[in-house]
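Participant: Got coords_0.cif for you, mmCIF, C-alpha atoms and all ligand atoms:
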```cif
data_start
loop_
_atom_site.label_atom_id
_atom_site.label_comp_id
_atom_site.auth_asym_id
_atom_site.auth_seq_id
_atom_site.Cartn_x
_atom_site.Cartn_y
_atom_site.Cartn_z
CA MET A 270 -16.84 20.19 16.78
CA LYS A 271 -19.98 18.16 16.09
CA GLN A 272 -22.36 18.29 19.02
CA GLY A 273 -21.02 16.11 21.82
CA ILE A 274 -18.28 14.43 19.78
CA LYS A 275 -14.78 14.91 21.13
CA ASN A 276 -12.95 11.60 20.75
CA ILE A 277 -13.10 9.50 17.58
CA VAL A 278 -11.90 5.99 16.71
CA ILE A 279 -11.83 5.14 13.00
CA LEU A 280 -11.34 1.60 11.63
CA THR A 281 -10.36 1.19 7.99
CA GLY A 282 -10.15 -1.89 5.78
CA ALA A 283 -9.21 -2.78 2.23
CA GLY A 284 -12.12 -0.79 0.77
CA VAL A 285 -10.37 2.50 1.60
CA SER A 286 -7.42 1.48 -0.63
CA ALA A 287 -9.52 -0.12 -3.39
CA GLU A 288 -9.71 3.05 -5.52
CA SER A 289 -5.93 3.36 -5.28
CA GLY A 290 -5.69 0.07 -7.16
CA ILE A 291 -5.03 -2.34 -4.29
CA ASP A 292 -7.23 -5.46 -4.46
CA THR A 293 -9.61 -6.07 -1.58
CA PHE A 294 -9.64 -9.49 0.06
CA ARG A 295 -13.09 -10.63 -0.68
CA SER A 296 -13.63 -9.36 -4.17
CA ALA A 297 -15.53 -11.66 -6.51
CA GLY A 298 -14.28 -15.22 -6.71
CA GLY A 299 -12.96 -15.28 -3.17
CA LEU A 300 -9.42 -15.64 -4.42
CA TRP A 301 -6.94 -13.07 -3.23
CA GLU A 302 -4.25 -12.28 -5.74
CA GLN A 303 -5.05 -15.76 -7.16
CA HIS A 304 -4.41 -17.44 -3.80
CA LYS A 305 -6.57 -18.92 -1.06
CA VAL A 306 -6.01 -17.08 2.23
CA GLU A 307 -5.12 -20.29 4.06
CA ASP A 308 -2.36 -20.96 1.51
CA VAL A 309 -0.54 -17.66 2.01
CA ALA A 310 -1.64 -15.85 5.18
CA THR A 311 -1.13 -18.31 8.07
CA PRO A 312 1.98 -19.40 10.02
CA GLU A 313 1.26 -22.96 8.83
CA ALA A 314 1.35 -21.82 5.19
CA PHE A 315 4.68 -20.10 5.82
CA ALA A 316 6.13 -23.23 7.43
CA ARG A 317 4.74 -25.43 4.64
CA ASP A 318 5.78 -23.33 1.64
CA PRO A 319 7.91 -20.32 2.61
CA ASP A 320 8.79 -19.49 -1.00
CA LEU A 321 5.11 -19.21 -2.01
CA VAL A 322 4.37 -16.95 0.97
CA LEU A 323 7.50 -14.80 0.54
CA ARG A 324 6.78 -14.33 -3.19
CA PHE A 325 3.15 -13.41 -2.39
CA TYR A 326 4.25 -10.69 0.00
CA ASP A 327 7.17 -9.52 -2.17
CA MET A 328 4.69 -8.98 -5.03
CA ARG A 329 2.29 -7.00 -2.82
CA ARG A 330 5.10 -5.00 -1.14
CA GLU A 331 6.31 -3.94 -4.57
CA HIS A 332 2.77 -3.13 -5.78
CA ILE A 333 1.90 -0.75 -2.93
CA GLN A 334 5.00 1.28 -3.80
CA GLN A 335 3.59 1.87 -7.27
CA VAL A 336 0.16 3.21 -6.23
CA GLN A 337 -0.95 6.49 -4.64
CA PRO A 338 -3.22 7.50 -1.76
CA ASN A 339 -6.73 8.48 -2.84
CA ALA A 340 -9.18 11.21 -1.77
CA ALA A 341 -10.39 9.11 1.16
CA HIS A 342 -6.84 8.80 2.58
CA TYR A 343 -6.29 12.55 2.16
CA ALA A 344 -9.62 13.44 3.76
CA LEU A 345 -8.80 11.29 6.81
CA ALA A 346 -5.35 12.92 7.06
CA LYS A 347 -7.04 16.34 6.95
CA LEU A 348 -9.35 15.28 9.79
CA ASP A 349 -6.40 13.95 11.80
CA ALA A 350 -4.56 17.27 11.42
CA ALA A 351 -7.58 19.45 12.23
CA TRP A 352 -9.30 17.47 14.99
CA SER A 353 -8.52 18.96 18.42
CA GLY A 354 -9.97 16.03 20.36
CA ASN A 355 -8.55 12.51 20.52
CA LEU A 356 -8.47 10.63 17.23
CA LEU A 357 -7.08 7.17 16.48
CA LEU A 358 -7.15 5.69 13.00
CA VAL A 359 -6.89 1.91 13.36
CA THR A 360 -6.21 0.27 10.01
CA GLN A 361 -6.43 -3.40 9.07
CA ASN A 362 -4.56 -2.47 5.90
CA VAL A 363 -0.90 -3.31 5.54
CA ASP A 364 -0.18 -0.67 2.88
CA ASP A 365 1.31 2.75 3.77
CA LEU A 366 -1.26 4.95 2.02
CA HIS A 367 -2.62 6.50 5.23
CA GLU A 368 0.93 7.55 6.19
CA ARG A 369 1.70 8.88 2.73
CA ALA A 370 -1.50 10.94 2.82
CA GLY A 371 -0.26 12.45 6.12
CA THR A 372 -2.21 10.69 8.88
CA GLN A 373 -0.15 10.68 12.09
CA ARG A 374 -2.44 9.18 14.75
CA LEU A 375 -2.38 5.76 13.06
CA LEU A 376 -2.18 2.13 14.24
CA HIS A 377 -1.60 -0.87 11.94
CA MET A 378 -3.33 -3.71 13.78
CA HIS A 379 -2.46 -6.30 11.09
CA GLY A 380 1.14 -5.21 10.49
CA GLU A 381 2.80 -3.52 7.51
CA HIS A 382 4.15 -4.63 4.12
CA LEU A 383 7.08 -2.23 4.54
CA ASN A 384 8.39 -3.93 7.67
CA ALA A 385 10.41 -7.14 7.96
CA TRP A 386 10.56 -9.08 11.23
CA CYS A 387 13.53 -11.21 12.20
CA ASN A 388 12.60 -14.59 13.64
CA ALA A 389 16.17 -14.94 14.95
CA CYS A 390 16.51 -11.74 16.99
CA ASP A 391 12.96 -10.30 16.95
CA ALA A 392 14.15 -6.99 15.41
CA ARG A 393 11.87 -5.21 12.95
CA HIS A 394 13.24 -3.24 10.00
CA ARG A 395 11.74 -0.93 7.41
CA TRP A 396 11.87 -3.05 4.27
CA HIS A 397 11.17 -1.95 0.66
CA GLY A 398 12.88 -4.83 -1.15
CA THR A 399 12.28 -8.58 -1.37
CA LEU A 400 12.56 -11.39 1.17
CA ILE A 401 12.51 -14.36 -1.25
CA ASP A 402 16.31 -14.06 -1.56
CA ARG A 403 16.64 -14.70 2.20
CA PRO A 404 18.58 -11.52 3.04
CA ALA A 405 20.52 -11.21 6.30
CA CYS A 406 18.92 -9.39 9.22
CA PRO A 407 20.58 -5.92 9.54
CA ALA A 408 20.58 -6.32 13.34
CA CYS A 409 21.84 -9.86 14.00
CA GLY A 410 23.28 -10.75 10.59
CA VAL A 411 21.47 -14.09 10.42
CA ALA A 412 20.29 -14.81 6.85
CA GLY A 413 16.98 -16.39 5.91
CA ARG A 414 15.09 -15.64 9.14
CA LEU A 415 13.31 -12.43 8.05
CA ARG A 416 9.51 -12.77 7.57
CA PRO A 417 6.85 -10.26 6.53
CA ASP A 418 5.77 -8.20 9.55
CA ILE A 419 2.16 -9.15 8.87
CA VAL A 420 -0.40 -10.53 11.37
CA TRP A 421 -1.49 -13.82 9.79
CA PHE A 422 -4.68 -15.71 10.59
CA GLY A 423 -4.28 -17.37 13.96
CA GLU A 424 -1.82 -14.68 15.13
CA MET A 425 -2.67 -11.94 17.63
CA PRO A 426 -3.27 -8.49 16.07
CA TYR A 427 -0.99 -5.70 17.28
CA ARG A 428 -1.73 -3.21 20.11
CA MET A 429 -5.23 -4.42 20.95
CA ASP A 430 -4.87 -2.80 24.41
CA ASP A 431 -4.27 0.61 22.82
CA ILE A 432 -7.29 0.09 20.56
CA TYR A 433 -9.60 -0.82 23.45
CA ASP A 434 -8.21 2.10 25.53
CA ALA A 435 -9.04 4.52 22.68
CA LEU A 436 -12.51 2.98 22.37
CA ASP A 437 -13.06 3.49 26.12
CA GLN A 438 -12.58 7.25 25.60
CA ALA A 439 -14.45 7.52 22.30
CA ASP A 440 -17.75 9.27 21.54
CA LEU A 441 -17.82 8.09 17.93
CA PHE A 442 -16.67 4.91 16.14
CA VAL A 443 -16.47 5.06 12.34
CA SER A 444 -15.85 1.95 10.21
CA ILE A 445 -14.68 2.57 6.64
CA GLY A 446 -14.21 0.10 3.78
CA THR A 447 -14.30 -3.16 5.68
CA SER A 448 -16.50 -6.21 5.24
CA GLY A 449 -16.62 -6.96 8.96
CA ALA A 450 -15.47 -10.51 8.21
CA VAL A 451 -12.28 -10.68 10.28
CA TYR A 452 -12.06 -10.68 14.07
CA PRO A 453 -11.19 -9.10 16.44
CA ALA A 454 -11.42 -6.02 14.14
CA ALA A 455 -15.00 -6.88 13.19
CA GLY A 456 -15.96 -7.03 16.87
CA LEU A 457 -14.99 -3.42 17.61
CA VAL A 458 -18.38 -2.06 16.58
CA ARG A 459 -20.05 -4.33 19.16
CA GLU A 460 -17.65 -3.06 21.85
CA ALA A 461 -18.61 0.47 20.80
CA ARG A 462 -22.34 -0.25 20.94
CA GLU A 463 -22.02 -1.85 24.35
CA LYS A 464 -20.36 1.36 25.58
CA GLY A 465 -23.19 3.41 24.09
CA ILE A 466 -20.88 5.09 21.54
CA GLN A 467 -22.33 6.47 18.29
CA THR A 468 -21.35 4.18 15.38
CA LEU A 469 -21.16 5.07 11.67
CA GLU A 470 -20.36 2.80 8.72
CA LEU A 471 -19.01 4.25 5.48
CA ASN A 472 -18.78 1.44 2.93
CA LEU A 473 -19.52 0.60 -0.69
CA GLU A 474 -22.34 -1.69 0.46
CA PRO A 475 -23.75 -3.02 3.72
CA SER A 476 -21.12 -5.11 5.55
CA HIS A 477 -21.52 -8.20 7.72
CA GLY A 478 -21.81 -5.94 10.72
CA SER A 479 -24.11 -3.27 9.29
CA SER A 480 -26.90 -3.97 11.76
CA TRP A 481 -24.58 -2.92 14.60
CA PHE A 482 -24.15 0.60 13.23
CA THR A 483 -26.48 3.41 14.28
CA LYS A 484 -25.82 5.09 10.91
CA SER A 485 -24.56 3.81 7.54
CA ARG A 486 -23.69 5.61 4.32
CA HIS A 487 -22.97 3.61 1.21
CA GLY A 488 -20.86 4.61 -1.75
CA PRO A 489 -17.23 4.69 -2.90
CA ALA A 490 -14.81 5.81 -0.18
CA THR A 491 -13.46 8.63 -2.35
CA GLU A 492 -16.96 10.14 -2.27
CA VAL A 493 -18.47 9.26 1.11
CA VAL A 494 -15.33 9.84 3.23
CA PRO A 495 -14.48 13.40 2.09
CA ALA A 496 -18.17 14.32 2.43
CA TRP A 497 -18.29 13.01 6.00
CA VAL A 498 -15.00 14.73 6.94
CA GLU A 499 -16.26 18.09 5.64
CA GLU A 500 -19.47 17.59 7.60
CA ILE A 501 -17.81 16.73 10.91
CA LEU A 502 -15.20 19.50 10.58
CA GLY A 503 -17.73 22.04 9.39
CA SER A 504 -20.20 21.50 12.19
C1 LIG A 601 -6.82 -14.07 16.01
C2 LIG A 601 -2.99 -9.47 7.10
C3 LIG A 601 -6.43 -15.25 17.98
C4 LIG A 601 -2.82 -10.45 6.01
C5 LIG A 601 -5.16 -10.02 7.90
C6 LIG A 601 -9.44 -20.29 13.48
C7 LIG A 601 -8.13 -20.21 13.94
C8 LIG A 601 -7.58 -18.99 14.35
C9 LIG A 601 -8.34 -17.85 14.28
C10 LIG A 601 -9.62 -17.94 13.79
C11 LIG A 601 -10.19 -19.14 13.41
N1 LIG A 601 -11.45 -18.89 12.98
C12 LIG A 601 -11.70 -17.58 13.07
C13 LIG A 601 -10.60 -17.00 13.57
C14 LIG A 601 -10.41 -15.62 13.84
C15 LIG A 601 -9.77 -15.04 12.58
C16 LIG A 601 -10.90 -14.60 11.71
O1 LIG A 601 -11.54 -13.60 12.01
N2 LIG A 601 -11.16 -15.34 10.62
C17 LIG A 601 -12.27 -14.97 9.76
C18 LIG A 601 -11.89 -15.25 8.30
C19 LIG A 601 -13.48 -15.75 10.21
N3 LIG A 601 -8.96 -13.94 13.02
C20 LIG A 601 -7.67 -14.14 13.25
O2 LIG A 601 -7.06 -15.15 13.01
C21 LIG A 601 -6.97 -12.96 13.89
N4 LIG A 601 -6.24 -13.43 15.02
O3 LIG A 601 -8.00 -14.31 16.08
O4 LIG A 601 -5.93 -14.46 16.93
C22 LIG A 601 -5.37 -15.36 18.98
C23 LIG A 601 -5.72 -15.27 20.31
C24 LIG A 601 -4.74 -15.38 21.24
C25 LIG A 601 -3.41 -15.57 20.86
C26 LIG A 601 -3.08 -15.65 19.51
C27 LIG A 601 -4.06 -15.54 18.56
C28 LIG A 601 -5.98 -12.32 12.94
C29 LIG A 601 -6.72 -11.71 11.78
C30 LIG A 601 -5.72 -10.92 10.94
C31 LIG A 601 -5.46 -11.66 9.67
N5 LIG A 601 -4.66 -10.83 8.78
N6 LIG A 601 -4.39 -9.22 7.19
C32 LIG A 601 -2.49 -9.72 4.75
O5 LIG A 601 -2.97 -8.58 4.53
O6 LIG A 601 -1.74 -10.30 3.97
S1 LIG A 601 -6.82 -9.90 7.72
C33 LIG A 601 -7.21 -9.24 6.23
O7 LIG A 601 -8.65 -9.15 6.22
C34 LIG A 601 -6.76 -7.82 6.00
O8 LIG A 601 -6.11 -7.22 7.10
C35 LIG A 601 -8.06 -7.09 5.74
O9 LIG A 601 -8.02 -5.78 6.05
C36 LIG A 601 -8.92 -7.85 6.65
C37 LIG A 601 -10.37 -7.65 6.60
O10 LIG A 601 -10.76 -7.57 5.28
P1 LIG A 601 -11.31 -6.15 4.78
O11 LIG A 601 -10.27 -5.12 5.01
O12 LIG A 601 -12.65 -5.92 5.38
O13 LIG A 601 -11.39 -6.39 3.25
P2 LIG A 601 -12.57 -7.14 2.49
O14 LIG A 601 -12.11 -7.41 1.11
O15 LIG A 601 -13.06 -8.26 3.34
O16 LIG A 601 -13.74 -6.06 2.45
C38 LIG A 601 -13.55 -4.87 1.74
C39 LIG A 601 -14.77 -4.03 2.01
O17 LIG A 601 -14.60 -2.79 1.33
C40 LIG A 601 -16.05 -4.64 1.48
O18 LIG A 601 -17.07 -4.50 2.44
C41 LIG A 601 -16.37 -3.82 0.23
O19 LIG A 601 -17.76 -3.64 0.06
C42 LIG A 601 -15.74 -2.50 0.57
N7 LIG A 601 -15.29 -1.74 -0.58
C43 LIG A 601 -14.77 -2.21 -1.74
N8 LIG A 601 -14.47 -1.17 -2.55
C44 LIG A 601 -14.80 -0.04 -1.89
C45 LIG A 601 -15.32 -0.40 -0.64
N9 LIG A 601 -15.74 0.51 0.25
C46 LIG A 601 -15.65 1.81 -0.10
N10 LIG A 601 -15.17 2.23 -1.28
C47 LIG A 601 -14.74 1.34 -2.20
N11 LIG A 601 -14.26 1.77 -3.38
#
```
Would you mind writing the file's structure down as C-alpha cells?
Ligand code: BV8

Facilitator:
Amino acid sequence: MKQGIKNIVILTGAGVSAESGIDTFRSAGGLWEQHKVEDVATPEAFARDPDLVLRFYDMRREHIQQVQPNAAHYALAKLDAAWSGNLLLVTQNVDDLHERAGTQRLLHMHGEHLNAWCNACDARHRWHGTLIDRPACPACGVAGRLRPDIVWFGEMPYRMDDIYDALDQADLFVSIGTSGAVYPAAGLVREAREKGIQTLELNLEPSHGSSWFTKSRHGPATEVVPAWVEEILGS
C-alpha cells in the first residue's frame, strides 16, 4: 500500500463516462442534450413541463443501457476489489457504468437513471423502461406519480453524512473527470484540504478547483486512471 495511504475517497464526474459515449454536462455550447439545465433538471422544470423532463430522462435512461464501461471504470473496480483499506467511490454520475464494471463500494450522490421514485408512497424501484407513459407505482399502484430518482438542482444530494464520514477517515481524496462546477460535490476537495488529506485530480484539463489539489494529472480518463491505479496498487 502506498506509503501512509490506507483510506481513500474517490469522486467521479461525467468525464469518467465520456469515453463510453455519454455526453458530459458542460461540453462546448453549454447545452446538455440540446437542453438548458434549468429547463430539465430542477423541480420547478418538472412542475412546469413534466413531459419535457420525463422525455429527457427516458432518452438518457435508454442511452446508458446501450453503452459500455470503459478502461477507467474497470481500473477503479480493480482498485476497489484489491484495496484492503477503506475505499469509497462517490459518483456524481447517474449512469450504472461503475456498477457494471464491478465497483462495490459505491455511492450515487446525485441519484440513478435506473431508479424511479414514487411521489405518492416514496418507494423507489429499479426502472429500465420509460416514465412518460405515467406507469403505476409497483408498490402503491398509483399511476403518474413516478419521477426520475435524480437529485435536481436545488435538491439535497444523497448520503452527504456518509460522504463526510468517509472523508473524516481518509488519507487520500482523488477527483476524476469532474469540472468542479457543482456543489456540494465541488466543495469536497476543500474539506479534504482542511483536514490535511492528500488530494489528487485526474482530469482531461484543469478544473475549476484545480488549485485546491496537491497533485493533478491531465489526460483522458482511460489513460490516466489505469496508470494511477497500477501505481497505487503496485507501490
Ligand atoms: C443543493 C443530476 C441545497 C442531474 C446533477 C441556487 C439554488 C439552489 C442551489 C444552488 C443555487 N446556486 C447554486 C446552487 C448550488 C447548486 C450548484 O452547485 N449549482 C452550480 C451550477 C453553481 N447545487 C445544487 O443545487 C445541489 N443541491 O445545493 O441543495 C439544499 C440545501 C438544503 C436542502 C435542500 C437543498 C444539487 C446539485 C446536483 C444537481 N444534479 N446531476 C442529471 O444528471 O440529470 S449535477 C450534474 O453536474 C451531474 O451530476 C454532473 O456529474 C455534475 C457535475 O458535472 P460534472 O460531472 O463535473 O460534468 P461536467 O461536464 O461539468 O465536467 C466534466 C469534466 O470531465 C470536465 O472537467 C472535463 O474536462 C472532463 N472530461 C471530459 N472528458 C474527459 C474528461 N476527463 C477525463 N477524461 C475524459 N475523456

Participant: For ligand LIG 601 (chain A), return the neighbouring residues as a VMD selection string (distance at most 8 Å; only C-alpha atoms and all ligand atoms).

Facilitator: chain A and resid 281 to 288 292 to 296 309 to 310 326 360 to 363 379 to 380 419 to 426 445 to 455 471 to 477 487 to 491

Participant: Given all atoms listed in the file as the basis, pick out the residue of A:Leu469, A:Val278, A:Leu457, A:Met378 nearest to Val494 of chain A.

Facilitator: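 Looking only at the distances to Val494 of chain A, the closest residue turns out to be A:Leu469.
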
Participant: Applying 7 Å and only C-alpha atoms, which residues near Arg416 of chain A remain after dropping the ones on its own chain fewer than 5 positions away? List them as a PDB file with C-alpha atoms, keeping the file's coordinate frame.

Facilitator:
```
ATOM      1  CA  ALA A 385      10.410  -7.140   7.960  1.00  0.00           C
ATOM      2  CA  TRP A 386      10.560  -9.080  11.230  1.00  0.00           C
ATOM      3  CA  CYS A 387      13.530 -11.210  12.200  1.00  0.00           C
TER       4      CYS A 387
END
```

Participant: Segment 275-374 of chain A near segment 431-434 of chain A within 12 Å: what's each residue's closest atom pair and its distance in Å to one decimal, counting all atoms listed in the file, ordered by chain then ascending residue number, as a tab-separated table?

Facilitator:
```
residue	atom	partner	partner_atom	distance
A:Asn276	CA	A:Asp434	CA	11.6
A:Ile277	CA	A:Ile432	CA	11.5
A:Val278	CA	A:Ile432	CA	8.4
A:Ile279	CA	A:Ile432	CA	10.2
A:Leu280	CA	A:Ile432	CA	9.9
A:Asn355	CA	A:Asp434	CA	11.6
A:Leu356	CA	A:Ile432	CA	11.1
A:Leu357	CA	A:Ile432	CA	8.2
A:Leu358	CA	A:Ile432	CA	9.4
A:Val359	CA	A:Ile432	CA	7.4
A:Thr360	CA	A:Ile432	CA	10.6
A:Arg374	CA	A:Ile432	CA	11.8
```

Participant: Considering all atoms listed in the file, state which residue in the set A:Arg403, A:Arg324, A:Lys305, A:His377 is at the smallest distance from Met429 of chain A.

Facilitator: A:His377

Participant: What is the distance between atom CA of Ala405 of chain A and atom CA of Glu368 of chain A, in Å to one decimal?

Facilitator: 27.1 Å

Participant: Given all atoms listed in the file as the basis, pick out the residue of A:Val458, A:Arg428, A:Asp365, A:Glu313 nearest to Phe442 of chain A.

Facilitator: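 Using all atoms listed in the file, the shortest distance to Phe442 of chain A belongs to A:Val458.
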
Participant: Produce a table with one row for each residue of segment 346-461 of chain A that has an atom at most 12 Å from any atom of segment 499-503 of chain A, each row naming the nearest atom pair and its distance in Å at one decimal; use all atoms listed in the file; arrange rows by chain and rising residue number; format as CSV.

Facilitator:
```
residue,atom,partner,partner_atom,distance
A:Lys347,CA,A:Leu502,CA,9.5
A:Leu348,CA,A:Leu502,CA,7.3
A:Asp349,CA,A:Leu502,CA,10.5
A:Ala350,CA,A:Leu502,CA,10.9
A:Ala351,CA,A:Leu502,CA,7.8
A:Trp352,CA,A:Leu502,CA,7.6
A:Ser353,CA,A:Leu502,CA,10.3
A:Gly354,CA,A:Leu502,CA,11.6
A:Leu441,CA,A:Ile501,CA,11.1
A:Val443,CA,A:Ile501,CA,11.8
```

Participant: Which protein, DNA or RNA residues have an atom at most 8 Å from (13.9, -21.6, 8.2), counting all atoms listed in the file? List them as a VMD selection string.

Facilitator: chain A and resid 316 413 to 414
